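Shown next: work_3.cif, given as mmCIF, N, CA and C atoms and all ligand atoms.
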```
data_input
loop_
_atom_site.label_atom_id
_atom_site.label_comp_id
_atom_site.auth_asym_id
_atom_site.auth_seq_id
_atom_site.Cartn_x
_atom_site.Cartn_y
_atom_site.Cartn_z
N MET A 16 75.77 -32.92 64.92
CA MET A 16 77.14 -33.30 64.55
C MET A 16 77.71 -32.21 63.65
N ALA A 17 78.88 -31.72 63.99
CA ALA A 17 79.40 -30.49 63.39
C ALA A 17 79.55 -30.58 61.88
N ASP A 18 80.00 -31.71 61.38
CA ASP A 18 80.36 -31.77 59.97
C ASP A 18 79.33 -32.48 59.11
N CYS A 19 78.09 -32.51 59.57
CA CYS A 19 77.06 -33.28 58.87
C CYS A 19 76.11 -32.34 58.11
N LEU A 20 75.98 -32.59 56.81
CA LEU A 20 75.14 -31.74 55.97
C LEU A 20 73.70 -31.67 56.48
N PHE A 21 73.12 -32.82 56.82
CA PHE A 21 71.71 -32.79 57.22
C PHE A 21 71.56 -32.20 58.62
N CYS A 22 72.53 -32.36 59.51
CA CYS A 22 72.47 -31.65 60.80
C CYS A 22 72.47 -30.14 60.57
N LYS A 23 73.24 -29.68 59.58
CA LYS A 23 73.27 -28.24 59.28
C LYS A 23 71.93 -27.79 58.70
N ILE A 24 71.31 -28.63 57.88
CA ILE A 24 69.99 -28.29 57.33
C ILE A 24 68.96 -28.22 58.46
N ILE A 25 68.98 -29.20 59.36
CA ILE A 25 68.03 -29.22 60.48
C ILE A 25 68.21 -27.98 61.35
N ALA A 26 69.46 -27.57 61.54
CA ALA A 26 69.76 -26.39 62.36
C ALA A 26 69.41 -25.08 61.66
N GLY A 27 69.15 -25.16 60.35
CA GLY A 27 68.85 -23.95 59.59
C GLY A 27 70.09 -23.24 59.08
N ASP A 28 71.25 -23.85 59.23
CA ASP A 28 72.49 -23.23 58.75
C ASP A 28 72.65 -23.36 57.24
N ILE A 29 71.98 -24.36 56.66
CA ILE A 29 71.93 -24.52 55.21
C ILE A 29 70.45 -24.53 54.84
N PRO A 30 70.06 -23.73 53.82
CA PRO A 30 68.63 -23.64 53.50
C PRO A 30 68.07 -24.95 52.95
N SER A 31 66.78 -25.16 53.19
CA SER A 31 66.11 -26.33 52.63
C SER A 31 64.66 -25.97 52.38
N SER A 32 64.02 -26.77 51.56
CA SER A 32 62.60 -26.61 51.29
C SER A 32 61.84 -27.55 52.23
N LYS A 33 61.50 -27.00 53.40
CA LYS A 33 60.90 -27.83 54.46
C LYS A 33 59.46 -28.21 54.12
N VAL A 34 59.11 -29.46 54.36
CA VAL A 34 57.72 -29.87 54.19
C VAL A 34 57.09 -30.31 55.50
N TYR A 35 57.91 -30.63 56.50
CA TYR A 35 57.36 -31.09 57.79
C TYR A 35 58.43 -30.92 58.86
N GLU A 36 57.97 -30.59 60.08
CA GLU A 36 58.90 -30.55 61.21
C GLU A 36 58.13 -30.77 62.50
N ASP A 37 58.70 -31.59 63.39
CA ASP A 37 58.22 -31.65 64.76
C ASP A 37 59.44 -31.73 65.67
N ASP A 38 59.24 -32.09 66.91
CA ASP A 38 60.37 -32.08 67.85
C ASP A 38 61.45 -33.10 67.49
N TYR A 39 61.08 -34.12 66.75
CA TYR A 39 62.00 -35.25 66.51
C TYR A 39 62.37 -35.47 65.04
N VAL A 40 61.52 -34.97 64.15
CA VAL A 40 61.62 -35.32 62.72
C VAL A 40 61.61 -34.06 61.88
N TYR A 41 62.41 -34.08 60.81
CA TYR A 41 62.45 -32.97 59.84
C TYR A 41 62.34 -33.58 58.45
N ALA A 42 61.61 -32.93 57.56
CA ALA A 42 61.47 -33.43 56.19
C ALA A 42 61.58 -32.26 55.22
N PHE A 43 62.26 -32.51 54.11
CA PHE A 43 62.53 -31.44 53.14
C PHE A 43 62.66 -32.05 51.75
N ARG A 44 62.51 -31.19 50.73
CA ARG A 44 62.57 -31.67 49.35
C ARG A 44 64.01 -31.94 48.94
N ASP A 45 64.19 -33.08 48.25
CA ASP A 45 65.52 -33.43 47.75
C ASP A 45 65.95 -32.39 46.72
N ILE A 46 67.23 -32.00 46.79
CA ILE A 46 67.75 -30.96 45.90
C ILE A 46 67.87 -31.46 44.46
N ALA A 47 67.91 -32.76 44.26
CA ALA A 47 68.05 -33.34 42.92
C ALA A 47 66.96 -34.40 42.74
N PRO A 48 65.71 -33.95 42.60
CA PRO A 48 64.59 -34.90 42.64
C PRO A 48 64.65 -35.95 41.53
N GLN A 49 64.36 -37.19 41.91
CA GLN A 49 64.35 -38.30 40.96
C GLN A 49 62.93 -38.72 40.61
N ALA A 50 61.97 -37.98 41.12
CA ALA A 50 60.55 -38.21 40.81
C ALA A 50 59.85 -36.87 41.05
N PRO A 51 58.61 -36.72 40.55
CA PRO A 51 57.90 -35.44 40.76
C PRO A 51 57.82 -35.05 42.24
N VAL A 52 57.64 -36.03 43.11
CA VAL A 52 57.73 -35.79 44.56
C VAL A 52 58.92 -36.58 45.07
N HIS A 53 59.88 -35.89 45.66
CA HIS A 53 61.06 -36.55 46.22
C HIS A 53 61.43 -35.81 47.50
N ILE A 54 61.08 -36.42 48.63
CA ILE A 54 61.24 -35.79 49.94
C ILE A 54 62.14 -36.67 50.79
N LEU A 55 62.97 -36.03 51.60
CA LEU A 55 63.84 -36.75 52.54
C LEU A 55 63.28 -36.55 53.95
N VAL A 56 63.14 -37.63 54.69
CA VAL A 56 62.65 -37.56 56.07
C VAL A 56 63.78 -38.03 56.98
N VAL A 57 64.13 -37.19 57.94
CA VAL A 57 65.32 -37.46 58.76
C VAL A 57 65.01 -37.26 60.24
N PRO A 58 65.71 -37.99 61.10
CA PRO A 58 65.62 -37.68 62.54
C PRO A 58 66.42 -36.42 62.85
N LYS A 59 65.94 -35.62 63.78
CA LYS A 59 66.72 -34.44 64.19
C LYS A 59 68.01 -34.86 64.90
N GLU A 60 67.92 -35.97 65.62
CA GLU A 60 69.11 -36.54 66.26
C GLU A 60 70.01 -37.14 65.19
N HIS A 61 71.31 -36.93 65.31
CA HIS A 61 72.22 -37.52 64.32
C HIS A 61 72.34 -39.02 64.53
N ILE A 62 71.85 -39.77 63.55
CA ILE A 62 72.06 -41.23 63.47
C ILE A 62 72.64 -41.44 62.08
N ALA A 63 73.71 -42.22 61.95
CA ALA A 63 74.44 -42.25 60.68
C ALA A 63 73.67 -42.95 59.56
N SER A 64 72.96 -44.01 59.90
CA SER A 64 72.29 -44.79 58.86
C SER A 64 71.37 -45.80 59.54
N VAL A 65 70.63 -46.56 58.73
CA VAL A 65 69.82 -47.66 59.26
C VAL A 65 70.68 -48.60 60.10
N GLY A 66 71.95 -48.73 59.70
CA GLY A 66 72.86 -49.62 60.40
C GLY A 66 73.18 -49.18 61.82
N GLU A 67 72.82 -47.95 62.17
CA GLU A 67 73.08 -47.42 63.52
C GLU A 67 71.82 -47.36 64.37
N ILE A 68 70.69 -47.91 63.88
CA ILE A 68 69.47 -47.92 64.69
C ILE A 68 69.60 -49.00 65.76
N THR A 69 69.31 -48.62 67.00
CA THR A 69 69.46 -49.53 68.15
C THR A 69 68.18 -49.47 69.00
N ALA A 70 68.15 -50.31 70.02
CA ALA A 70 67.02 -50.27 70.96
C ALA A 70 66.93 -48.90 71.63
N GLU A 71 68.06 -48.23 71.79
CA GLU A 71 68.08 -46.94 72.48
C GLU A 71 67.52 -45.81 71.62
N ASN A 72 67.71 -45.87 70.30
CA ASN A 72 67.29 -44.72 69.47
C ASN A 72 66.17 -45.05 68.48
N SER A 73 65.59 -46.24 68.56
CA SER A 73 64.65 -46.65 67.52
C SER A 73 63.29 -45.94 67.61
N ALA A 74 63.01 -45.27 68.71
CA ALA A 74 61.71 -44.58 68.81
C ALA A 74 61.57 -43.54 67.70
N VAL A 75 62.66 -42.89 67.35
CA VAL A 75 62.57 -41.86 66.30
C VAL A 75 62.33 -42.51 64.94
N ALA A 76 62.82 -43.73 64.75
CA ALA A 76 62.56 -44.42 63.49
C ALA A 76 61.06 -44.74 63.38
N ALA A 77 60.46 -45.17 64.48
CA ALA A 77 59.02 -45.41 64.49
C ALA A 77 58.27 -44.12 64.19
N ARG A 78 58.73 -43.05 64.80
CA ARG A 78 58.12 -41.73 64.59
C ARG A 78 58.18 -41.34 63.10
N ILE A 79 59.33 -41.58 62.48
CA ILE A 79 59.48 -41.27 61.06
C ILE A 79 58.43 -42.02 60.25
N PHE A 80 58.19 -43.28 60.62
CA PHE A 80 57.22 -44.06 59.85
C PHE A 80 55.78 -43.71 60.19
N GLU A 81 55.56 -42.93 61.23
CA GLU A 81 54.24 -42.33 61.44
C GLU A 81 54.08 -41.09 60.57
N VAL A 82 55.19 -40.38 60.39
CA VAL A 82 55.15 -39.11 59.66
C VAL A 82 55.05 -39.34 58.15
N ILE A 83 55.69 -40.40 57.65
CA ILE A 83 55.73 -40.63 56.21
C ILE A 83 54.34 -40.67 55.58
N PRO A 84 53.36 -41.41 56.11
CA PRO A 84 52.04 -41.38 55.49
C PRO A 84 51.35 -40.02 55.56
N LYS A 85 51.64 -39.26 56.60
CA LYS A 85 51.08 -37.90 56.68
C LYS A 85 51.62 -37.05 55.54
N ILE A 86 52.92 -37.12 55.31
CA ILE A 86 53.52 -36.34 54.23
C ILE A 86 52.97 -36.81 52.88
N ALA A 87 52.91 -38.13 52.70
CA ALA A 87 52.40 -38.66 51.43
C ALA A 87 50.98 -38.18 51.18
N GLY A 88 50.17 -38.14 52.23
CA GLY A 88 48.81 -37.64 52.08
C GLY A 88 48.79 -36.17 51.71
N ALA A 89 49.63 -35.39 52.39
CA ALA A 89 49.68 -33.95 52.12
C ALA A 89 50.17 -33.66 50.71
N GLU A 90 51.01 -34.56 50.18
CA GLU A 90 51.54 -34.38 48.83
C GLU A 90 50.62 -34.98 47.76
N GLY A 91 49.52 -35.58 48.20
CA GLY A 91 48.54 -36.13 47.25
C GLY A 91 48.98 -37.40 46.56
N LEU A 92 49.80 -38.19 47.25
CA LEU A 92 50.33 -39.40 46.61
C LEU A 92 49.34 -40.56 46.75
N THR A 93 48.15 -40.35 46.23
CA THR A 93 47.08 -41.34 46.41
C THR A 93 47.34 -42.62 45.61
N GLY A 94 48.17 -42.53 44.58
CA GLY A 94 48.44 -43.70 43.74
C GLY A 94 49.54 -44.59 44.30
N GLY A 95 50.17 -44.15 45.37
CA GLY A 95 51.26 -44.92 45.97
C GLY A 95 52.57 -44.17 45.92
N TYR A 96 53.53 -44.73 46.59
CA TYR A 96 54.85 -44.09 46.66
C TYR A 96 55.85 -45.12 47.15
N ARG A 97 57.12 -44.76 47.06
CA ARG A 97 58.20 -45.66 47.49
C ARG A 97 58.97 -45.00 48.62
N VAL A 98 59.39 -45.80 49.60
CA VAL A 98 60.24 -45.34 50.70
C VAL A 98 61.56 -46.11 50.58
N VAL A 99 62.66 -45.35 50.53
CA VAL A 99 63.98 -45.96 50.33
C VAL A 99 64.95 -45.38 51.34
N SER A 100 65.80 -46.24 51.92
CA SER A 100 66.92 -45.75 52.71
C SER A 100 68.17 -46.49 52.28
N ASN A 101 69.13 -45.76 51.75
CA ASN A 101 70.41 -46.35 51.36
C ASN A 101 71.30 -46.41 52.59
N CYS A 102 71.83 -47.59 52.85
CA CYS A 102 72.66 -47.80 54.04
C CYS A 102 74.05 -48.22 53.61
N GLY A 103 74.99 -47.29 53.72
CA GLY A 103 76.39 -47.63 53.45
C GLY A 103 76.78 -47.47 52.00
N ALA A 104 78.07 -47.63 51.75
CA ALA A 104 78.67 -47.34 50.46
C ALA A 104 78.10 -48.21 49.34
N ASP A 105 77.92 -49.49 49.59
CA ASP A 105 77.45 -50.36 48.51
C ASP A 105 76.04 -49.99 48.07
N ALA A 106 75.26 -49.41 48.96
CA ALA A 106 73.90 -48.98 48.60
C ALA A 106 73.90 -47.58 47.98
N GLY A 107 75.05 -46.91 48.00
CA GLY A 107 75.13 -45.57 47.43
C GLY A 107 74.77 -44.47 48.39
N GLN A 108 74.84 -44.73 49.69
CA GLN A 108 74.56 -43.66 50.65
C GLN A 108 75.62 -42.57 50.52
N THR A 109 75.18 -41.35 50.29
CA THR A 109 76.11 -40.24 50.08
C THR A 109 76.10 -39.25 51.24
N VAL A 110 75.08 -39.26 52.07
CA VAL A 110 75.02 -38.37 53.23
C VAL A 110 74.88 -39.24 54.48
N GLY A 111 75.83 -39.09 55.40
CA GLY A 111 75.91 -39.97 56.56
C GLY A 111 75.03 -39.56 57.72
N HIS A 112 73.79 -39.24 57.42
CA HIS A 112 72.76 -38.94 58.43
C HIS A 112 71.52 -39.69 57.95
N LEU A 113 71.00 -40.56 58.80
CA LEU A 113 69.86 -41.41 58.43
C LEU A 113 68.78 -40.60 57.70
N HIS A 114 68.36 -41.11 56.56
CA HIS A 114 67.28 -40.44 55.82
C HIS A 114 66.49 -41.46 55.03
N PHE A 115 65.21 -41.17 54.93
CA PHE A 115 64.30 -41.99 54.15
C PHE A 115 63.78 -41.15 52.99
N HIS A 116 64.00 -41.65 51.78
CA HIS A 116 63.49 -40.98 50.58
C HIS A 116 62.02 -41.36 50.42
N ILE A 117 61.16 -40.39 50.18
CA ILE A 117 59.80 -40.63 49.71
C ILE A 117 59.78 -40.24 48.24
N LEU A 118 59.45 -41.20 47.38
CA LEU A 118 59.43 -40.97 45.94
C LEU A 118 58.04 -41.26 45.41
N GLY A 119 57.50 -40.35 44.62
CA GLY A 119 56.18 -40.59 44.07
C GLY A 119 55.78 -39.53 43.07
N GLY A 120 54.51 -39.61 42.68
CA GLY A 120 54.00 -38.64 41.71
C GLY A 120 54.09 -39.12 40.28
N LYS A 121 54.58 -40.35 40.08
CA LYS A 121 54.59 -40.97 38.76
C LYS A 121 54.63 -42.49 38.97
N LYS A 122 54.42 -43.22 37.91
CA LYS A 122 54.58 -44.68 37.97
C LYS A 122 56.07 -44.96 38.05
N LEU A 123 56.52 -45.50 39.16
CA LEU A 123 57.95 -45.69 39.38
C LEU A 123 58.42 -46.98 38.73
N SER A 124 59.63 -46.93 38.21
CA SER A 124 60.24 -48.14 37.66
C SER A 124 60.78 -48.98 38.82
N LEU A 125 61.35 -50.12 38.52
CA LEU A 125 61.93 -50.94 39.57
C LEU A 125 63.31 -50.46 39.97
N GLU A 126 63.83 -49.45 39.26
CA GLU A 126 65.00 -48.74 39.76
C GLU A 126 64.54 -47.97 40.99
N MET A 127 65.45 -47.22 41.65
CA MET A 127 65.07 -46.50 42.88
C MET A 127 63.94 -45.53 42.60
N ALA A 128 63.93 -44.90 41.45
CA ALA A 128 62.89 -43.92 41.16
C ALA A 128 62.39 -44.07 39.75
P1 LIG A 201 71.63 -40.88 49.56
O1 LIG A 201 72.38 -40.93 48.24
O2 LIG A 201 70.66 -41.98 49.75
O3 LIG A 201 72.61 -40.72 50.71
O4 LIG A 201 70.73 -39.59 49.48
C1 LIG A 201 71.21 -38.31 49.72
C2 LIG A 201 70.25 -37.38 49.05
O5 LIG A 201 70.49 -36.08 49.56
C3 LIG A 201 70.41 -37.29 47.52
O6 LIG A 201 69.19 -37.68 46.92
C4 LIG A 201 70.75 -35.82 47.29
O7 LIG A 201 70.15 -35.30 46.12
C5 LIG A 201 70.20 -35.16 48.54
N1 LIG A 201 70.82 -33.89 48.90
C6 LIG A 201 72.14 -33.60 48.97
N2 LIG A 201 72.34 -32.33 49.38
C7 LIG A 201 71.10 -31.81 49.59
C8 LIG A 201 70.62 -30.54 50.01
N3 LIG A 201 71.46 -29.52 50.32
N4 LIG A 201 69.28 -30.35 50.10
C9 LIG A 201 68.42 -31.35 49.79
N5 LIG A 201 68.81 -32.57 49.39
C10 LIG A 201 70.13 -32.81 49.29
ZN ZN A 202 73.71 -35.38 61.07
#
```
Kindly transcribe the structure held in the file into structure tokens.
Amino acid sequence: MADCLFCKIIAGDIPSSKVYEDDYVYAFRDIAPQAPVHILVVPKEHIASVGEITAENSAVAARIFEVIPKIAGAEGLTGGYRVVSNCGADAGQTVGHLHFHILGGKKLSLEMA
């Protein structure tokens, strides 16, 4: 999608600190980390949010949830971690491309991080 920040990151038009990539999924470090480990996991296909997941595109969501434990393992998050996806304005979603935050590396509060 032409005007989407994360589509531009996936395409390599905007730099990112990549931690994982396959044919369907891209993961990179959040530019404003809220925990010692703060990674965003996104589908390469543009999906706007959790609210846009359908029977037609949900395979990539399953794929993302296969990748998340691999990344957590590679990052050494043996004590646990949090997975968050903000969906829509009331949740504070600021980038309109589906993404899952992985937060860890410290004892997390009941706030998002
Ligand atoms: P959300 O508020 O849930 O939509 O999350 C968007 C996240 O994208 C925020 O945590 C931002 O810090 C992060 N972010 C915004 N721009 C970039 C960027 N260029 N590279 C990495 N992370 C970014
Ligand atoms: Zn996009």
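Nearest-residue note for ligand LIG 201 (chain A): choosing from A:Gly66, A:Gly103, A:Pro84, A:Pro58, the minimum distance belongs to A:Gly103, counting only N, CA and C atoms and all ligand atoms.
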query: Using only C-alpha atoms and all ligand atoms, which protein or nucleic acid residues are at most 10 Å from ligand LIG 201 (chain A), as a count of residues only?
result: 39
- request: Could you jot down the atom N of Ala77 (chain A) to atom N of Ala17 (chain A) separation for me, Å, one decimal place?
  value: 22.8 Å
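The smallest atom-to-atom distance between ligand ZN 202 (chain A) and any of A:Asp37, A:Asp28, A:Glu71, A:Glu60, using only C-alpha atoms and all ligand atoms, is found for A:Glu60.
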- prompt: Interatomic distance between atom N of Arg97 (chain A) and CA of Leu118 (chain A)?
  reply: 4.6 Å
task: as a list in words, list the residues of chain A assigned to strand (DSSP E or B) by DSSP on the backbone atoms of this structure.
output: Lys33, Val34, Tyr35, Glu36, Val40, Tyr41, Ala42, Phe43, Arg44, Val52, His53, Ile54, Leu55, Val56, Val57, Pro58, Tyr96, Arg97, Val98, Val99, Phe115, His116, Ile117, Leu118 and Gly119 of chain A
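By chain and then residue number, the residues within 8 Å of Ile79 (chain A) are Tyr39, Val40, Tyr41, Val56, Val57, Pro58, Ser73, Ala74 and Pro84 of chain A, counting only N, CA and C atoms and disregarding those fewer than 5 positions away in sequence.
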query: Out of A:Ala26, A:Ala87, A:Val34, A:Ile62, which residue has the shortest atom-to-atom distance to ligand ZN 202 (chain A) when counting only N, CA and C atoms and all ligand atoms?
result: A:Ile62
field: Nearest to Leu123 (chain A) by atom-to-atom distance, counting only N, CA and C atoms, from A:Tyr96, A:Asn72, A:Asp38, A:Asp105
entry: A:Tyr96
- prompt: When distances are computed from all atoms listed in the file, which of A:Ser124, A:Ile117, A:Cys22, A:Met16 shows the smallest separation from Ile83 (chain A)?
  reply: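 Selected residue with least distance to Ile83 (chain A): A:Ile117.
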message: Please compute the CA of Gly95 (chain A)-CA of Pro51 (chain A) distance, one decimal, in Å.
response: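 Computed distance, CA of Gly95 (chain A) to CA of Pro51 (chain A), equals 12.7 Å.
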task: Would you mind telling me which residue in A:Cys19, A:Arg78, A:Val65, A:Ala50 lies nearest to ligand ZN 202 (chain A) when using all atoms listed in the file?
output: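 Closest residue, counting all atoms listed in the file: A:Cys19.
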- request: Could you pull out the residues in region 66-127 of chain A that DSSP calls alpha helix (DSSP H) from the backbone, as an NGL selection string?
  value: :A and (73-89)
